[in-house]
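A short worksheet on the structure shown next.
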Amino acid sequence: MLKFPKDLAIAATFAAAAILGQPIGQAVAADPEAGAKVYNKCKACHAVGEGAKNRVGPHLNGVFGRTAGSLEDYKYSKAMREAGEEGLVWDDATLGEYLAGPRAIIKGTKMAFAGLKKEEDVANLLAWLRRESGGADAAADEEPQAEEAEPAAAPEQPDAKPQAEDSQAASEAYTPPADAAPHGTYNLGRRATEEEVAAWNIDIRPDGKGLPPGRGTVSAGETIYTEQCASCHGVFGEGAGRWPVLAGGFGTLDDQRPVKTVGSYWPYLSTVYDYVRRAMPFGDARSLSDDDVYAVTAFLLYLNDVVTDEDFELSHENFTQYRLPNEPNFKADDRASEAHYADRSEPCMTECKPGPVTVEMRAAVLDVTPDAENGEQMGSGAVD
Amino acid sequence: MTRKSGHTANWAPSRRAFLTGAAGAALTTSAATALPGAARAAGDPAITEIKDWNRYLGEGVDAAPYGAPSPFEAHVVRRDVPWLTADPVSSVNFTPLHELDGIITPNGLCFERHHAGVATIDPAEHRLMINGLVDTPLVFTMQDLQRFPRENRLYFLECAANTGMEWRGAQLNGCQFTHGMVHCVVYTGVPLKLLLDEAGLKASGTWLLAEGADAAAMTRSIPLEKALDDCLVAFKMNGEALRPEQGYPLRLVVPGWEGNMWVKWLRRLEIGDAPYAQREETSKYTDLLDDGTARRHTFVMDVKSVITSPSPQAPVTHGKGPLVITGLAWSGNGRISRVDVSLDGGRNWQTARLDGPSLSKALHRFYLDIDWDGSELLLQSRAIDEAGYVQPSKDALRAARGVNSIYHNNGIQTWQVRADGVVENVEVS
């Protein structure tokens with residue numbers, strides 16, 4: 001199961017890495033400011049800095065020098081705990097390897113993250129993480145590598161600004177195509193190029209308008225889903241913790257506690273494609289290819305029993321043939337016809353109901369108001 | 001007495017805390033009878049003692065280039081309800097309505113709801129695109145937008161899920177939590193119609209899709225008729241740039257309609273000939289009814305009101321005698337024409353006094369000044385808008401819709417004021 005069952009194997013894996021890539025600790029070019037941007041990819045799952053708590057993944061304070069899988073108040077995968085028991089300790093080299101391809105190194109880790117493709121990103125991220133994770137173990141600070149890394153990182157800072165200015169200059173320097181034909185009343189703004197419209201115009205309608213060319217199968221979707229979605233939405237779309245449930249809930253819409261999912265509630269399949277492409281995975285939006293989105297959408301159809309064949313392939317060609325079962329159950333806004341609105345007469349002012357009025361329910365019975373005294377009590381309901 | 005008066009230190013919205021605190025005890029007894037004889041003879045130390053602030057110099061004009069409220073107001077903050085959502089990045093916090101007066105919400109206290117955290121956008125790199133069924137697809141910079149004629153308009157913005165946690169019954173003790181997903185500010189911006197006309201609308205266009213630049217790329221479909229009526233593309237709130245959490249540098253203003261449609265970090269407007277069925281108008285922001293069917297496109301925010309003080313977080317601390325009952329009313333249909341207040345749980349009503357400007361689709365402030373005899377009150381408010389809609393009871397809404405709608409709960413709220421001044425969220429017969 002594990003890539004490194006013994007200390008020796010670990011040493012060997014990471015030594016090989018050090019030869020192939022830059023040994024991170026000595027990387028001269030590591031830029032913590034650029035690393036802060038890379039960390040955006042981790043933010044949905046990890047917290048670091050003062051008061052950081054465990055989220056989907058463990059907090060990263062003091063991660064340098066931490067034995068893998070060793071935080072007491074976090075529930076790791078078996079694979080991660082075993083890696084720690086077998087001697088894996090996080091430092092520049094081991095983190096560098098893990099972040100480049102989490103599953104390649106620790107098979108069975110539940111970190112649903114595809115990996116950082118660029119070595120530069122890894123180096124910059126680690127430079128930043130070392131700074132932010134503070135309270136790094138004394139042990140880690142004593143490593144000669146660490147001492148080299150810090151002075152190396154510091155002089156980089158002044159460089160960060162000019163770089164940023166460059167990029168701004170670049171965007172201002174963009175000269176729109178010559179399009180002299182005036183428009184509108186004020187002739188303000190300029191014609192958008194086709195490429196620009198294509199870059200942003202990613203919405204898809206129920207009639208299929210907007211679907212990009214592409215295709216993907218249920219089984220390809222399962223792989224992507226397991227790696228990039230399951231840590232939040234659950235292996236079967238059942239939702240981990242309070243993260244959204246994506247599958248099941250059939251026949252519950254008129255229950256006491258309805259379960260609204262893609263299969264039980266959503267009216268249109270186009271919304272699945274549109275939404276996943278624009279907003280998921282949470283914290284790394286727009287990272288999936290169009291084919292990947294077809295595949296994941298096909299897999300969500302499969303999880304919701306709309307298709308049952310693992311070889312089923314969804315594409316721009318057959319997309320509009322698939323309908324979600326709840327489509328007919330949506331209707332127009334008819335609030336105005338409700339009894340209390342339909343009658344727009346003067347409301348009653350005196351003796352409107354039999355007295356004395358009595359209290360029938362109190363919020364204090366189920367005190368879920370957030371304040372110092374009721375701790376972790378959970379209420380019911382949702383904001384959307 | 002020290003400089004910090006007791007009631008501001010470590011303030012928590014807790015009824016028990018306010019009753020047990022020393023300052024609370026002093027406040028609950030009426031001034032005339034409570035002053036001990038000695039103090040009466042010597043006078044109030046707030047007057048007879050020379051205070052630090054009366055002797056020593058305060059901070060200079062360079063101390064706070066961007067000012068902040070008095071440290072004694074440190075408890076007036078947005079609060080969130082951690083159990084509501086999986087993650088604070090896609091979550092909500094609430095306006096402290098019980099601490100505010102008038103109709104304007106200060107920028108830093110406007111509730112926040114976003115779906116992928118607060119986007120940090122450099123205005124120099126922000127663009128607004130108009131595409132779809134137009135003669136000329138256009139791109140505007142922020143500077144372009146600031147060269148169009150502008151308007152200033154005061155509007156409330158209410159999340160469709162405001163009061164959504166109360167469908168099944170009284171649950172949260174505080175109007176901040178039950179009603180705090182609403183705010184009201186002055187927007188400065190360009191009428192959306194001017195921008196669309198600049199691109200030239202094709203006759204076949206009937207719907208508009210608005211899209212944000214954040215990591216949720218938030219989208220909503222809006223009927224073109226509404227877009228051309230009173231929508232604004234705003235860059236200022238209460239005179240200053242939009243706050244980042246309110247969509248800096250640009251947001252859509254959709255007066256009287258669901259807050260979710262007021263797309264923040266606005267970057268694109270597309271014209272089409274059908275609604276786009278985005279996630280926020282299918283999976284979310286559709287109202288599930290008792291029989292398992294659901295309403296869609298329930299855009300308008302219905303007539304609604306709430307008493308903000310007294311309320312659970314704003315108990316009566318001065319005993320019987322003159323008592324100001326105050327609250328807010330609003331409607332997506334226009335102006336509020338009247339607010340009635342009941343002291344006995346909805347049996348008898350008296351008309352409250354509206355004070356301050358009465359503007360269409362803005363918050364309205366009402367007052368009822370009473371002489372409280374110290375007996376229990378069951379406070380309710382009931383708003384009526386200029387279209388003649390009367391705010392319904394919670395039971396009427398439940399009878400019509402069941403309890404699983406989440407959105408559009410505008411039912412009449414009841415606060416029980418006990419003889420000791422403590423206030424609780426209750427439901428009544």
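Residue numbers start at 1 in each chain; chains themselves are named A, B, ... in the order of the structure tokens; ligands are numbered from 1 in the order shown.
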
* To do: Output as a VMD selection string the set of chain B residues within 6 Å of chain A, with distances taken over only C-alpha atoms.
  => chain B and resid 81 83 to 84 86 137 to 140 144 161 165 170 to 173 198 216 276 278 to 279 283 to 284 290 to 296 298 345 347 to 349 388 to 389 425 to 429

* To do: Apply DSSP to the structure's backbone, then extract all residues of range 44-100 of chain B labelled helix (DSSP H, G or I) and return them as a list in words.
  => Pro45, Ala46, Ile47, Thr48, Asp52, Trp53, Asn54, Arg55, Pro71, Phe72, Glu73, Pro82, Trp83, Leu84, Leu97, His98 and Glu99 of chain B

* **Non-local contacts of Asn409 in chain B (12 Å; only C-alpha atoms; under 5 positions in same chain excluded) as a PyMOL selection string** => (chain A and resi 335+383) or (chain B and resi 158-169+178-179+181+287+301-305+391-398+400-404)

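Using only C-alpha atoms, the shortest contact distance between Asn61 in chain A and any of A:Ala100, A:Ala112, A:Leu88, A:Leu129 is found at A:Leu129.
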
* Residues flagged strand (DSSP E or B) by DSSP in range 51-281 of chain B, as a PyMOL selection string -> chain B and resi 79-80+91-94+113-114+127-132+134+138-141+151-158+182-191+201+207-212+219-223+232-237+240-241+251-253+257+266-272

Selection above as a file: C-alpha atoms, as a PDB file, in the first residue's frame:
ATOM      1  CA  ARG B  79     -21.800  38.049  14.265  1.00  0.00           C
ATOM      2  CA  ASP B  80     -22.054  34.661  12.629  1.00  0.00           C
ATOM      3  CA  SER B  91     -21.121  31.496   4.864  1.00  0.00           C
ATOM      4  CA  VAL B  92     -22.938  34.473   6.290  1.00  0.00           C
ATOM      5  CA  ASN B  93     -22.781  36.954   9.152  1.00  0.00           C
ATOM      6  CA  PHE B  94     -25.462  39.261  10.485  1.00  0.00           C
ATOM      7  CA  ARG B 113     -22.889  36.464   2.441  1.00  0.00           C
ATOM      8  CA  HIS B 114     -20.465  35.107  -0.073  1.00  0.00           C
ATOM      9  CA  ARG B 127     -13.382  44.842 -16.377  1.00  0.00           C
ATOM     10  CA  LEU B 128     -17.103  44.770 -17.027  1.00  0.00           C
ATOM     11  CA  MET B 129     -18.136  42.916 -20.186  1.00  0.00           C
ATOM     12  CA  ILE B 130     -21.491  43.055 -21.954  1.00  0.00           C
ATOM     13  CA  ASN B 131     -22.092  40.240 -24.424  1.00  0.00           C
ATOM     14  CA  GLY B 132     -24.890  38.174 -25.925  1.00  0.00           C
ATOM     15  CA  VAL B 134     -26.288  43.136 -28.315  1.00  0.00           C
ATOM     16  CA  LEU B 138     -18.337  45.834 -24.964  1.00  0.00           C
ATOM     17  CA  VAL B 139     -15.647  45.941 -22.306  1.00  0.00           C
ATOM     18  CA  PHE B 140     -15.522  48.752 -19.756  1.00  0.00           C
ATOM     19  CA  THR B 141     -12.748  49.687 -17.366  1.00  0.00           C
ATOM     20  CA  GLU B 151     -27.431  58.309  -9.690  1.00  0.00           C
ATOM     21  CA  ASN B 152     -27.618  58.098  -5.906  1.00  0.00           C
ATOM     22  CA  ARG B 153     -30.276  55.790  -4.471  1.00  0.00           C
ATOM     23  CA  LEU B 154     -31.040  54.419  -1.045  1.00  0.00           C
ATOM     24  CA  TYR B 155     -32.127  50.770  -1.049  1.00  0.00           C
ATOM     25  CA  PHE B 156     -32.447  47.901   1.379  1.00  0.00           C
ATOM     26  CA  LEU B 157     -30.752  44.636   0.463  1.00  0.00           C
ATOM     27  CA  GLU B 158     -32.200  41.538   2.100  1.00  0.00           C
ATOM     28  CA  VAL B 182     -30.654  43.032   5.723  1.00  0.00           C
ATOM     29  CA  HIS B 183     -28.919  46.370   5.306  1.00  0.00           C
ATOM     30  CA  CYS B 184     -29.635  49.709   3.713  1.00  0.00           C
ATOM     31  CA  VAL B 185     -27.113  52.112   2.211  1.00  0.00           C
ATOM     32  CA  VAL B 186     -26.915  54.866  -0.399  1.00  0.00           C
ATOM     33  CA  TYR B 187     -25.532  53.528  -3.653  1.00  0.00           C
ATOM     34  CA  THR B 188     -23.783  55.632  -6.250  1.00  0.00           C
ATOM     35  CA  GLY B 189     -23.695  54.114  -9.677  1.00  0.00           C
ATOM     36  CA  VAL B 190     -24.696  54.093 -13.315  1.00  0.00           C
ATOM     37  CA  PRO B 191     -28.200  53.039 -14.344  1.00  0.00           C
ATOM     38  CA  LEU B 201     -29.974  45.714 -27.163  1.00  0.00           C
ATOM     39  CA  TRP B 207     -33.198  37.956 -19.884  1.00  0.00           C
ATOM     40  CA  LEU B 208     -29.926  39.164 -18.466  1.00  0.00           C
ATOM     41  CA  LEU B 209     -27.272  37.043 -16.779  1.00  0.00           C
ATOM     42  CA  ALA B 210     -25.087  38.834 -14.238  1.00  0.00           C
ATOM     43  CA  GLU B 211     -21.767  37.228 -13.271  1.00  0.00           C
ATOM     44  CA  GLY B 212     -19.231  37.931 -10.532  1.00  0.00           C
ATOM     45  CA  THR B 219     -24.404  34.108 -11.557  1.00  0.00           C
ATOM     46  CA  ARG B 220     -28.098  35.018 -11.584  1.00  0.00           C
ATOM     47  CA  SER B 221     -30.672  35.471 -14.359  1.00  0.00           C
ATOM     48  CA  ILE B 222     -32.674  38.693 -14.212  1.00  0.00           C
ATOM     49  CA  PRO B 223     -35.650  39.560 -16.447  1.00  0.00           C
ATOM     50  CA  LEU B 232     -27.796  50.208 -11.009  1.00  0.00           C
ATOM     51  CA  VAL B 233     -24.189  49.223 -11.487  1.00  0.00           C
ATOM     52  CA  ALA B 234     -22.738  50.712  -8.303  1.00  0.00           C
ATOM     53  CA  PHE B 235     -19.226  51.537  -7.208  1.00  0.00           C
ATOM     54  CA  LYS B 236     -19.919  53.503  -4.020  1.00  0.00           C
ATOM     55  CA  MET B 237     -21.870  52.793  -0.841  1.00  0.00           C
ATOM     56  CA  GLU B 240     -17.116  55.641  -0.177  1.00  0.00           C
ATOM     57  CA  ALA B 241     -15.921  52.805  -2.383  1.00  0.00           C
ATOM     58  CA  ARG B 251     -21.759  45.388  -7.773  1.00  0.00           C
ATOM     59  CA  LEU B 252     -25.193  45.122  -9.257  1.00  0.00           C
ATOM     60  CA  VAL B 253     -28.087  46.797  -7.420  1.00  0.00           C
ATOM     61  CA  TRP B 257     -35.279  41.799  -5.060  1.00  0.00           C
ATOM     62  CA  LEU B 266     -19.626  42.214 -11.134  1.00  0.00           C
ATOM     63  CA  ARG B 267     -17.671  41.444 -14.271  1.00  0.00           C
ATOM     64  CA  ARG B 268     -20.139  40.364 -16.943  1.00  0.00           C
ATOM     65  CA  LEU B 269     -23.658  40.994 -18.198  1.00  0.00           C
ATOM     66  CA  GLU B 270     -25.003  38.713 -20.897  1.00  0.00           C
ATOM     67  CA  ILE B 271     -28.258  39.279 -22.765  1.00  0.00           C
ATOM     68  CA  GLY B 272     -30.226  36.206 -23.791  1.00  0.00           C
TER      69      GLY B 272
END

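Shortest separation to Asp91 in chain A among A:Leu126, A:Ser77, A:Thr217, A:Lys118 occurs at residue A:Leu126, atoms counted being only C-alpha atoms.
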
Got a sec: who's within 7 Å of Tyr367 in chain B, counting only C-alpha atoms, leaving out chain neighbours fewer than 6 positions off, as a compact mmCIF listing (two decimals) with all heavy atoms, in the first residue's frame?
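The resulting file, out29.txt, is shown below:
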# COMPACT_ATOMS: atom_id res chain seq x y z
N VAL B 324 -39.09 53.49 24.65
CA VAL B 324 -39.12 53.65 23.20
C VAL B 324 -39.11 52.28 22.55
O VAL B 324 -38.16 51.52 22.73
CB VAL B 324 -37.91 54.47 22.70
CG1 VAL B 324 -37.89 54.53 21.17
CG2 VAL B 324 -37.93 55.88 23.28
N ILE B 325 -40.17 51.96 21.84
CA ILE B 325 -40.19 50.73 21.05
C ILE B 325 -39.88 51.15 19.62
O ILE B 325 -40.52 52.05 19.07
CB ILE B 325 -41.58 50.06 21.12
CG1 ILE B 325 -41.88 49.65 22.56
CG2 ILE B 325 -41.65 48.85 20.19
CD1 ILE B 325 -43.31 49.19 22.77
N THR B 326 -38.87 50.53 19.02
CA THR B 326 -38.49 50.95 17.66
C THR B 326 -38.15 49.75 16.80
O THR B 326 -37.81 48.68 17.30
CB THR B 326 -37.31 51.94 17.68
OG1 THR B 326 -37.08 52.39 16.33
CG2 THR B 326 -36.04 51.30 18.20
N GLY B 327 -38.26 49.94 15.51
CA GLY B 327 -37.95 48.85 14.59
C GLY B 327 -37.85 49.32 13.16
O GLY B 327 -37.87 50.52 12.86
N ALA B 352 -47.84 52.80 14.61
CA ALA B 352 -46.56 53.39 15.04
C ALA B 352 -46.27 54.64 14.21
O ALA B 352 -46.91 54.89 13.19
CB ALA B 352 -45.44 52.38 14.89
N ARG B 353 -45.29 55.40 14.68
CA ARG B 353 -44.88 56.64 14.01
C ARG B 353 -43.69 56.32 13.10
O ARG B 353 -42.69 55.77 13.57
CB ARG B 353 -44.47 57.62 15.13
CG ARG B 353 -43.83 58.91 14.72
CD ARG B 353 -43.75 59.82 15.95
NE ARG B 353 -42.91 59.28 17.02
CZ ARG B 353 -41.60 59.48 17.12
NH1 ARG B 353 -40.97 60.20 16.21
NH2 ARG B 353 -40.93 58.97 18.13
N LEU B 354 -43.82 56.63 11.80
CA LEU B 354 -42.68 56.46 10.89
C LEU B 354 -41.85 57.73 10.97
O LEU B 354 -42.39 58.83 10.93
CB LEU B 354 -43.16 56.24 9.46
CG LEU B 354 -43.84 54.90 9.16
CD1 LEU B 354 -44.42 54.89 7.75
CD2 LEU B 354 -42.86 53.75 9.33

* Shell of 8 Å around Gly421 in chain B, only C-alpha atoms, local chain residues under 6 positions omitted, as a PyMOL selection string -> chain B and resi 315-317+319

Restrict the selected residues to C-alpha atoms and save them as a tab-separated table (two decimals), in the first residue's frame.
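Listing of result30.tsv after writing:
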chain	number	residue	atom	x	y	z
B	315	PRO	CA	-33.36	44.15	26.91
B	316	VAL	CA	-35.14	46.87	28.90
B	317	THR	CA	-32.67	47.94	31.57
B	319	GLY	CA	-37.53	49.64	34.58

* **Interatomic distance (Å, one decimal) between CA of Ile106 in chain A and CA of Thr67 in chain A** => 14.0 Å
